[in-house]
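Here the structure is laid out as structure tokens; the discussion comes afterwards.
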Amino acid sequence: MTEPLLSVRDLRVEFPNRRGTLTALDGISFDIAPGEVLGMVGESGAGKSLTGAAIIGLLEPPGRIAGGEIRLKGQRIDTLSPEQMRRIRGKRIGMVFQDPLTSLNPLYTVAQQLVETIRTHMPLSEVDARKRAIALLDRVGIPAAARRIDDYPHHFSGGMRQRVVIALALCAEPELVIADEPTTALDVSVQAQIIDLIKEICAERGAAVMLITHDMGVIAETADRVAVLYAGRLAEIGPVRDVILDAAHPYTRGLMGSIPTLTQESDRLVQIPGAMPRLSSIPTGCAFNPRCPEAFDRCRTERPVPLDRPGGRQVACWLAAKESAHG
Amino acid sequence: MADPLLQIEGLWRRFDVSKPWLNRVIEREKPQLLTAVADVSFDIARGETFALVGESGSGKSTIARMIVGLLGASEGRIRFDGKDMTEMAPSDLRALRRRFQMIFQDPFASLNPRWRVGDIIAEPMRTFGLATGAEAATEVARLLETVGLSARDAEKFPHEFSGGQRQRIAIARALSSKPEFIVCDEPTSALDVSVQAQILNLMRDLQDEFGLTYLFISHDLSVVRHMASRIGVLYLGRLVEVADAKALFRAPCHPYTRMLLDAVPDLALSGRRRKPVSGEIPNPISPPAGCAFHPRCPAMTEACKQAIPAPRPTATGMAACIRLDMAETAAR
């Protein structure tokens, strides 16, 4: 494998509070290769968005990185000062957030916001920056970009606004784009357009994408590899096809079974009993063991280590470890 | 149709979105009306699950709110069990209301945070005089167990529960007046998929147990496919297609339905190529002339711009698209 663009090792994020310390992310490790789309799925509270926030250095205090390291093209970025990090954000790492209405400033026109961002990161004159902004808007599919660029965000529909946000993220030709639920606030027909756009543009510019979403369908359509998070820990990571069609972790299997699909005929959905544990009471051993239909003694006492499987997959499950020991 | 429980006929709802009177006079503007629901008719048979799907702004929730009486209709009739609710005396309507209930989308907003769960669930019983005191308490305990919670949970407050558990409480409350018909407005869209599966399974079990009829509103076609026996597709306030669930997914008649189906991400990774979908739902204040879908329709003809297409019968329902006539003539 070529040198990864982003490399996260044993990332641990903690939230200290009066009653002790909550560990929100624990032992998260993954790589993203240049030009690759890595999907990150999990249910609410699994730590998807937190992983993204830790990478771009936007953890809300008192949250802090308590261990591990994050490298962008070999350079450590988790130890940089806020000032140095600010220069990387926007320039080398672009961001697309869930709600396009709140990620644009309602008091400035789209032109002002794009030109400001472009000029912050690139040595361009006002006129050139504006030209570049129009070209970008045109690229993300905004009709009559040269005219609409002077509109305010509220003049655009939700889908168009998300296109503006994508243009904003791509302003300075970032190497990595972190997209946090980019299609969740949109209707299905528009969602499909935005997914296609993200895929196309990143392929065209060779940018890697970390796509955070709770929607397996979006991952299936977009990502090359997928990481499944559960209670702040990595359950499974591997190529999308393998994980979706042949999940190795019981949690992933349950998750896939609980999604109604358009093709499958069934009366009942698979259901995972219970709910994800609170951060303050993560069970000992495997975090999933109380809900796992296949848990055995070892799962209740010892925390599973991520185990390499053929085909570039990793699974943190004792059951998988047992199987590979036997087979 | 055999034994319809709910019949909707030519239902309209317009909202006045004009600026204040003084602004209108100064700026010389006419009053503006937004037509949220236009000429919608459908029947729901006893014991079935009828689903309404569509994108935001298509009028799904407005129809639901008119059916339960949270909004008045501008025109049209709503008949429940043969009785016209639009011209009923308030006292008669009240008696009828016991028989239908609603489950809302956001379980964080639909439960009163200052009430104990037991009081929340008992409220419909008390309002309709079905049970009081100890009797109500036993009934609450029974309902809580029916929806998969414990009888002791009656003492707790809503904030002590997760989203999925709250939705169970909302379902218990809906069941407490012993309704026949439940309107479910996006009951699972605020929930995670694994919790959604639990709630959808529960809703199906309850339907079998109590013989409930559901009006199920959702924007998620895969959820609708799992739940519904019949489906109505809305676009900009108009029904464009109604069909049996199986038929609709196998062979959609209206191009909009086909587009919606194509837009659903493919989880089976079958390599199905999605047709690119263009455009967005237009502004309902000034909908396109003729068929409202024509600017986005891949098969648009000149005739589509002229007149609003009338509903045409299909194998299991209806579709409002003029191409259906042409397809029929071509087939002959």
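A note on labels: chains of the structure tokens are A, B, ... as shown, every chain counts residues from 1, and ligands are counted from 1 in their shown order.
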**Request:** Write out as a VMD selection string which residues come within 12 Å of Leu170 (chain A) when counting only C-alpha atoms, dropping same-chain ones fewer than 2 positions away.
**Result:** chain A and resid 89 to 96 114 117 to 118 121 132 to 133 135 to 137 139 to 140 163 to 168 172 to 179 198 201 to 202 204 to 209
Would you mind exporting the chosen residues as a tab-separated table (two decimals), in the first residue's frame, restricted to N, CA and C atoms?
```tsv
chain	number	residue	atom	x	y	z
A	89	ARG	N	-6.77	23.34	8.37
A	89	ARG	CA	-8.21	23.28	8.14
A	89	ARG	C	-8.60	24.18	7.00
A	90	GLY	N	-9.35	23.66	6.05
A	90	GLY	CA	-9.75	24.51	4.93
A	90	GLY	C	-8.75	24.41	3.80
A	91	LYS	N	-7.45	24.41	4.16
A	91	LYS	CA	-6.44	24.33	3.10
A	91	LYS	C	-6.18	22.87	2.71
A	92	ARG	N	-5.80	22.05	3.70
A	92	ARG	CA	-5.47	20.66	3.38
A	92	ARG	C	-6.62	19.71	3.71
A	93	ILE	N	-7.45	20.10	4.66
A	93	ILE	CA	-8.62	19.29	4.98
A	93	ILE	C	-9.87	20.15	4.82
A	94	GLY	N	-10.75	19.75	3.91
A	94	GLY	CA	-12.00	20.49	3.72
A	94	GLY	C	-13.11	19.81	4.50
A	95	MET	N	-14.15	20.58	4.82
A	95	MET	CA	-15.22	20.00	5.63
A	95	MET	C	-16.60	20.29	5.04
A	96	VAL	N	-17.48	19.28	5.08
A	96	VAL	CA	-18.88	19.47	4.70
A	96	VAL	C	-19.71	18.98	5.86
A	114	LEU	N	-17.12	32.59	-0.42
A	114	LEU	CA	-16.18	31.81	-1.23
A	114	LEU	C	-14.87	32.57	-1.44
A	117	THR	N	-12.71	32.65	1.65
A	117	THR	CA	-12.06	31.37	1.91
A	117	THR	C	-10.92	31.14	0.93
A	118	ILE	N	-11.16	31.43	-0.35
A	118	ILE	CA	-10.12	31.20	-1.35
A	118	ILE	C	-8.90	32.07	-1.06
A	121	HIS	N	-6.54	31.05	1.76
A	121	HIS	CA	-5.65	29.90	1.54
A	121	HIS	C	-4.79	30.01	0.30
A	132	ARG	N	-12.44	32.07	-9.79
A	132	ARG	CA	-12.30	30.70	-9.31
A	132	ARG	C	-13.58	30.25	-8.61
A	133	ALA	N	-14.17	31.16	-7.83
A	133	ALA	CA	-15.40	30.84	-7.11
A	133	ALA	C	-16.52	30.49	-8.10
A	135	ALA	N	-16.15	29.37	-11.15
A	135	ALA	CA	-15.82	28.09	-11.76
A	135	ALA	C	-16.20	26.93	-10.83
A	136	LEU	N	-15.93	27.12	-9.53
A	136	LEU	CA	-16.26	26.08	-8.55
A	136	LEU	C	-17.77	25.85	-8.47
A	137	LEU	N	-18.53	26.94	-8.40
A	137	LEU	CA	-19.99	26.82	-8.31
A	137	LEU	C	-20.53	26.12	-9.55
A	139	ARG	N	-18.89	24.02	-11.30
A	139	ARG	CA	-18.49	22.62	-11.22
A	139	ARG	C	-19.43	21.80	-10.33
A	140	VAL	N	-19.89	22.42	-9.22
A	140	VAL	CA	-20.77	21.66	-8.33
A	140	VAL	C	-22.22	21.67	-8.81
A	163	ARG	N	-24.59	22.13	-2.20
A	163	ARG	CA	-23.61	22.24	-3.28
A	163	ARG	C	-22.66	23.40	-3.01
A	164	VAL	N	-23.22	24.52	-2.51
A	164	VAL	CA	-22.36	25.66	-2.18
A	164	VAL	C	-21.36	25.26	-1.09
A	165	VAL	N	-21.84	24.51	-0.09
A	165	VAL	CA	-20.95	24.08	1.00
A	165	VAL	C	-19.84	23.19	0.45
A	166	ILE	N	-20.18	22.34	-0.50
A	166	ILE	CA	-19.16	21.48	-1.10
A	166	ILE	C	-18.15	22.33	-1.86
A	167	ALA	N	-18.64	23.33	-2.59
A	167	ALA	CA	-17.73	24.24	-3.29
A	167	ALA	C	-16.80	24.92	-2.29
A	168	LEU	N	-17.36	25.31	-1.16
A	168	LEU	CA	-16.58	25.98	-0.12
A	168	LEU	C	-15.49	25.04	0.42
A	172	ALA	N	-9.72	25.31	-1.67
A	172	ALA	CA	-8.26	25.36	-1.68
A	172	ALA	C	-7.66	24.02	-2.08
A	173	GLU	N	-8.39	23.25	-2.88
A	173	GLU	CA	-7.89	21.95	-3.33
A	173	GLU	C	-7.39	21.09	-2.17
A	174	PRO	N	-8.25	20.75	-1.21
A	174	PRO	CA	-7.78	19.98	-0.07
A	174	PRO	C	-7.41	18.55	-0.48
A	175	GLU	N	-6.55	17.93	0.34
A	175	GLU	CA	-6.18	16.54	0.06
A	175	GLU	C	-7.21	15.60	0.66
A	176	LEU	N	-7.88	16.08	1.72
A	176	LEU	CA	-8.85	15.24	2.41
A	176	LEU	C	-10.12	16.05	2.65
A	177	VAL	N	-11.27	15.45	2.37
A	177	VAL	CA	-12.54	16.11	2.68
A	177	VAL	C	-13.25	15.27	3.73
A	178	ILE	N	-13.62	15.90	4.83
A	178	ILE	CA	-14.40	15.19	5.85
A	178	ILE	C	-15.85	15.62	5.69
A	179	ALA	N	-16.69	14.69	5.30
A	179	ALA	CA	-18.10	15.01	5.08
A	179	ALA	C	-18.91	14.36	6.19
A	198	ILE	N	-20.18	14.28	-4.89
A	198	ILE	CA	-19.01	14.10	-4.01
A	198	ILE	C	-18.06	13.07	-4.61
A	201	ILE	N	-16.30	14.53	-7.91
A	201	ILE	CA	-15.33	15.59	-7.71
A	201	ILE	C	-14.08	15.05	-7.04
A	202	CYS	N	-14.27	14.14	-6.09
A	202	CYS	CA	-13.09	13.64	-5.39
A	202	CYS	C	-12.26	12.77	-6.33
A	204	GLU	N	-12.06	13.16	-9.50
A	204	GLU	CA	-11.46	14.08	-10.46
A	204	GLU	C	-10.23	14.79	-9.87
A	205	ARG	N	-10.28	15.12	-8.59
A	205	ARG	CA	-9.18	15.87	-7.99
A	205	ARG	C	-8.26	15.02	-7.15
A	206	GLY	N	-8.56	13.73	-7.07
A	206	GLY	CA	-7.71	12.85	-6.28
A	206	GLY	C	-7.76	13.12	-4.80
A	207	ALA	N	-8.85	13.74	-4.33
A	207	ALA	CA	-8.95	14.00	-2.89
A	207	ALA	C	-9.54	12.76	-2.21
A	208	ALA	N	-9.06	12.48	-1.00
A	208	ALA	CA	-9.63	11.39	-0.22
A	208	ALA	C	-10.83	11.93	0.55
A	209	VAL	N	-11.77	11.05	0.86
A	209	VAL	CA	-12.97	11.49	1.57
A	209	VAL	C	-13.20	10.61	2.78
```
**Request:** Write out as a list in words which residues come within 12 Å of Ala325 (chain A) when counting only C-alpha atoms, dropping same-chain ones fewer than 4 positions away.
**Result:** Leu307, Arg309, Trp318, Leu319, Ala320 and Ala321 of chain A
Output C-alpha atoms of each residue in that selection to a file, as a JSON list (two decimals), in the first residue's frame.
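Below is the file that was written, result.json:
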```
[["chain", "number", "residue", "atom", "x", "y", "z"],
["A", 307, "LEU", "CA", -7.74, -8.94, 14.28],
["A", 309, "ARG", "CA", -8.43, -10.92, 8.25],
["A", 318, "TRP", "CA", -13.52, -13.00, 19.85],
["A", 319, "LEU", "CA", -15.80, -15.16, 17.77],
["A", 320, "ALA", "CA", -13.91, -14.27, 14.63],
["A", 321, "ALA", "CA", -10.65, -14.94, 16.50]]
```
Write out as a short mmCIF file (atom, residue, chain, number, x, y, z; two decimals) with N, CA and C atoms, in the first residue's frame every residue belonging to chain A that has an atom at most 10 Å from any atom of chain B, counting only C-alpha atoms.
```
data_model
loop_
_atom_site.label_atom_id
_atom_site.label_comp_id
_atom_site.auth_asym_id
_atom_site.auth_seq_id
_atom_site.Cartn_x
_atom_site.Cartn_y
_atom_site.Cartn_z
N GLY A 42 -22.27 4.06 12.09
CA GLY A 42 -22.55 3.74 13.48
C GLY A 42 -23.82 4.46 13.86
N GLU A 43 -24.39 4.08 15.01
CA GLU A 43 -25.63 4.73 15.42
C GLU A 43 -25.30 5.99 16.21
N SER A 44 -26.33 6.75 16.57
CA SER A 44 -26.08 7.99 17.32
C SER A 44 -25.27 7.67 18.57
N SER A 157 -32.08 26.59 -2.45
CA SER A 157 -32.80 25.48 -1.83
C SER A 157 -31.79 24.62 -1.07
N GLY A 158 -32.30 23.66 -0.29
CA GLY A 158 -31.42 22.83 0.55
C GLY A 158 -30.33 22.13 -0.25
N GLY A 159 -30.72 21.54 -1.37
CA GLY A 159 -29.75 20.81 -2.17
C GLY A 159 -28.71 21.73 -2.77
N MET A 160 -29.17 22.90 -3.24
CA MET A 160 -28.25 23.87 -3.84
C MET A 160 -27.29 24.42 -2.78
N LEU A 186 -31.34 16.12 3.42
CA LEU A 186 -31.88 16.29 2.07
C LEU A 186 -32.86 15.19 1.70
N ASP A 187 -33.72 15.49 0.72
CA ASP A 187 -34.65 14.49 0.20
C ASP A 187 -33.90 13.45 -0.62
N VAL A 188 -34.49 12.25 -0.75
CA VAL A 188 -33.78 11.17 -1.45
C VAL A 188 -33.31 11.52 -2.84
N SER A 189 -34.15 12.21 -3.62
CA SER A 189 -33.75 12.47 -5.00
C SER A 189 -32.55 13.40 -5.03
N VAL A 190 -32.53 14.37 -4.12
CA VAL A 190 -31.43 15.32 -4.04
C VAL A 190 -30.20 14.64 -3.43
N GLN A 191 -30.46 13.76 -2.46
CA GLN A 191 -29.38 13.01 -1.82
C GLN A 191 -28.57 12.25 -2.86
N ALA A 192 -29.25 11.61 -3.81
CA ALA A 192 -28.55 10.86 -4.84
C ALA A 192 -27.66 11.78 -5.67
N GLN A 193 -28.18 12.99 -5.96
CA GLN A 193 -27.36 13.94 -6.74
C GLN A 193 -26.11 14.33 -5.98
N ILE A 195 -24.55 12.70 -3.54
CA ILE A 195 -23.62 11.56 -3.44
C ILE A 195 -22.80 11.46 -4.72
N ASP A 196 -23.49 11.52 -5.86
CA ASP A 196 -22.79 11.44 -7.14
C ASP A 196 -21.76 12.55 -7.27
N HIS A 214 -24.98 7.75 9.13
CA HIS A 214 -25.62 6.63 9.79
C HIS A 214 -26.34 5.78 8.74
N ASP A 215 -26.27 6.20 7.50
CA ASP A 215 -27.06 5.57 6.45
C ASP A 215 -26.22 4.59 5.64
N MET A 216 -26.43 3.30 5.87
CA MET A 216 -25.67 2.27 5.18
C MET A 216 -25.82 2.37 3.66
N GLY A 217 -27.00 2.80 3.22
CA GLY A 217 -27.24 2.90 1.79
C GLY A 217 -26.29 3.89 1.14
N VAL A 218 -26.09 5.02 1.79
CA VAL A 218 -25.18 6.04 1.27
C VAL A 218 -23.76 5.48 1.18
N ILE A 219 -23.36 4.75 2.21
CA ILE A 219 -22.03 4.14 2.23
C ILE A 219 -21.90 3.15 1.07
N ALA A 220 -22.92 2.32 0.90
CA ALA A 220 -22.87 1.29 -0.14
C ALA A 220 -22.67 1.92 -1.51
N GLU A 221 -23.27 3.10 -1.70
CA GLU A 221 -23.20 3.74 -3.00
C GLU A 221 -21.89 4.48 -3.21
N THR A 222 -21.27 4.90 -2.12
CA THR A 222 -20.19 5.87 -2.25
C THR A 222 -18.82 5.34 -1.87
N VAL A 240 -16.09 -2.17 1.31
CA VAL A 240 -17.53 -2.04 1.45
C VAL A 240 -18.29 -3.31 1.09
N ARG A 241 -17.92 -3.89 -0.03
CA ARG A 241 -18.62 -5.07 -0.50
C ARG A 241 -18.59 -6.19 0.52
N ILE A 244 -20.62 -5.32 3.77
CA ILE A 244 -22.07 -5.30 3.61
C ILE A 244 -22.62 -6.69 3.31
N LEU A 245 -21.97 -7.41 2.44
CA LEU A 245 -22.53 -8.69 2.02
C LEU A 245 -22.14 -9.82 2.96
N TYR A 251 -22.40 -7.32 15.47
CA TYR A 251 -23.09 -6.04 15.46
C TYR A 251 -23.38 -5.58 14.04
N GLY A 254 -26.23 -7.56 12.67
CA GLY A 254 -27.50 -7.10 13.21
C GLY A 254 -27.94 -5.80 12.55
N LEU A 255 -26.97 -4.91 12.39
CA LEU A 255 -27.24 -3.60 11.80
C LEU A 255 -27.75 -3.76 10.36
N MET A 256 -27.07 -4.60 9.60
CA MET A 256 -27.47 -4.81 8.21
C MET A 256 -28.86 -5.44 8.14
N GLY A 257 -29.11 -6.39 9.05
CA GLY A 257 -30.40 -7.08 9.03
C GLY A 257 -31.54 -6.18 9.43
N SER A 258 -31.25 -5.13 10.20
CA SER A 258 -32.34 -4.29 10.68
C SER A 258 -32.74 -3.23 9.66
N ILE A 259 -32.01 -3.16 8.54
CA ILE A 259 -32.35 -2.16 7.53
C ILE A 259 -33.32 -2.77 6.52
N PRO A 260 -34.51 -2.18 6.40
CA PRO A 260 -35.42 -2.70 5.37
C PRO A 260 -34.86 -2.37 3.99
N THR A 261 -34.97 -3.28 3.05
CA THR A 261 -34.43 -3.00 1.72
C THR A 261 -35.52 -3.10 0.68
N LEU A 262 -35.20 -2.66 -0.51
CA LEU A 262 -36.18 -2.66 -1.59
C LEU A 262 -36.29 -4.02 -2.26
N THR A 263 -35.30 -4.88 -2.06
CA THR A 263 -35.29 -6.11 -2.83
C THR A 263 -35.72 -7.33 -2.03
N GLN A 264 -35.52 -7.26 -0.70
CA GLN A 264 -35.69 -8.45 0.09
C GLN A 264 -37.14 -8.61 0.55
N GLU A 265 -37.64 -9.83 0.52
CA GLU A 265 -38.99 -10.08 1.02
C GLU A 265 -38.88 -10.68 2.41
N SER A 266 -39.36 -9.97 3.41
CA SER A 266 -39.38 -10.60 4.73
C SER A 266 -40.45 -9.94 5.57
N ASP A 267 -41.00 -10.71 6.48
CA ASP A 267 -42.06 -10.18 7.31
C ASP A 267 -41.52 -9.40 8.48
N ARG A 268 -40.44 -9.90 9.03
CA ARG A 268 -39.89 -9.23 10.21
C ARG A 268 -38.46 -8.80 9.93
N LEU A 269 -38.09 -7.68 10.53
CA LEU A 269 -36.71 -7.24 10.43
C LEU A 269 -35.93 -7.90 11.55
N VAL A 270 -34.66 -8.14 11.28
CA VAL A 270 -33.80 -8.64 12.35
C VAL A 270 -33.73 -7.54 13.39
N GLN A 271 -33.86 -7.86 14.64
CA GLN A 271 -33.70 -6.77 15.58
C GLN A 271 -32.65 -7.08 16.63
N ILE A 272 -31.83 -6.06 16.91
CA ILE A 272 -30.83 -6.21 17.96
C ILE A 272 -31.52 -5.82 19.25
N PRO A 273 -31.56 -6.70 20.25
CA PRO A 273 -32.24 -6.32 21.49
C PRO A 273 -31.47 -5.20 22.20
N GLY A 274 -32.20 -4.42 22.99
CA GLY A 274 -31.55 -3.39 23.80
C GLY A 274 -31.10 -2.19 23.02
N ALA A 275 -30.24 -1.40 23.64
CA ALA A 275 -29.75 -0.18 23.02
C ALA A 275 -28.26 -0.04 23.31
N MET A 276 -27.61 0.87 22.57
CA MET A 276 -26.19 1.08 22.79
C MET A 276 -25.96 1.58 24.22
#
```
**Asked** Between B:Glu160, B:Asp84, B:Asp119, B:Asp92, which has the minimum distance to Ile67 (chain B) (counting only C-alpha atoms)?
**Response**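 Residue with the minimum atom-to-atom distance to Ile67 (chain B): B:Asp84.
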**Shell around Phe42 (chain B) at 9 Å using only C-alpha atoms, local window under 2 positions removed, as a ChimeraX atom specification** = /B:6-10,40,44,232,239,242
**Those in region 8-255 of chain B with alpha helix (DSSP H) from DSSP, as JSON, numbers by chain** = {"B": [21, 22, 23, 24, 25, 26, 27, 60, 61, 62, 63, 64, 65, 66, 67, 68, 90, 91, 92, 93, 94, 95, 96, 97, 117, 118, 119, 120, 121, 122, 123, 124, 125, 126, 127, 133, 134, 135, 136, 137, 138, 139, 140, 141, 142, 143, 144, 145, 146, 163, 164, 165, 166, 167, 168, 169, 170, 171, 172, 173, 174, 175, 193, 194, 195, 196, 197, 198, 199, 200, 201, 202, 203, 204, 205, 206, 207, 208, 209, 210, 221, 222, 223, 224, 225, 226, 227, 245, 246, 247, 248, 249, 250, 255]}
**Selected residue of minimal separation from Lys199 (chain A) among A:Ala185, A:Leu38, A:Val110, A:Leu5, counting only C-alpha atoms** = A:Leu38
**Request:** Work out how far apart CA of Arg225 (chain A) and CA of Ala169 (chain A) are and give it in Å to one decimal.
**Result:** 21.9 Å
**Request:** Taking the chain letters and numbering used in this document, name the residues of region 66-246 of chain A that DSSP puts in strand (DSSP E), as a count of residues only.
**Result:** 36
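The protein and nucleic acid residues lying at most 9 Å from region 131-140 of chain B are Gly118, Asp119, Ile121, Ala122, Met125, Arg126, Phe128, Gly129, Arg142, Leu143, Leu144, Glu145, Ala151, Ala154, Ala172, Arg173 and Ser176 of chain B, with only C-alpha atoms considered and sequence neighbours fewer than 2 positions away removed.
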**Prompt:** Any idea what's packed within 9 Å of Ala38 (chain B), counting only C-alpha atoms, ignoring anything in its chain fewer than 4 positions away? Could you give it as a PyMOL selection string?
**Reply:** chain B and resi 10-14+59+236-239
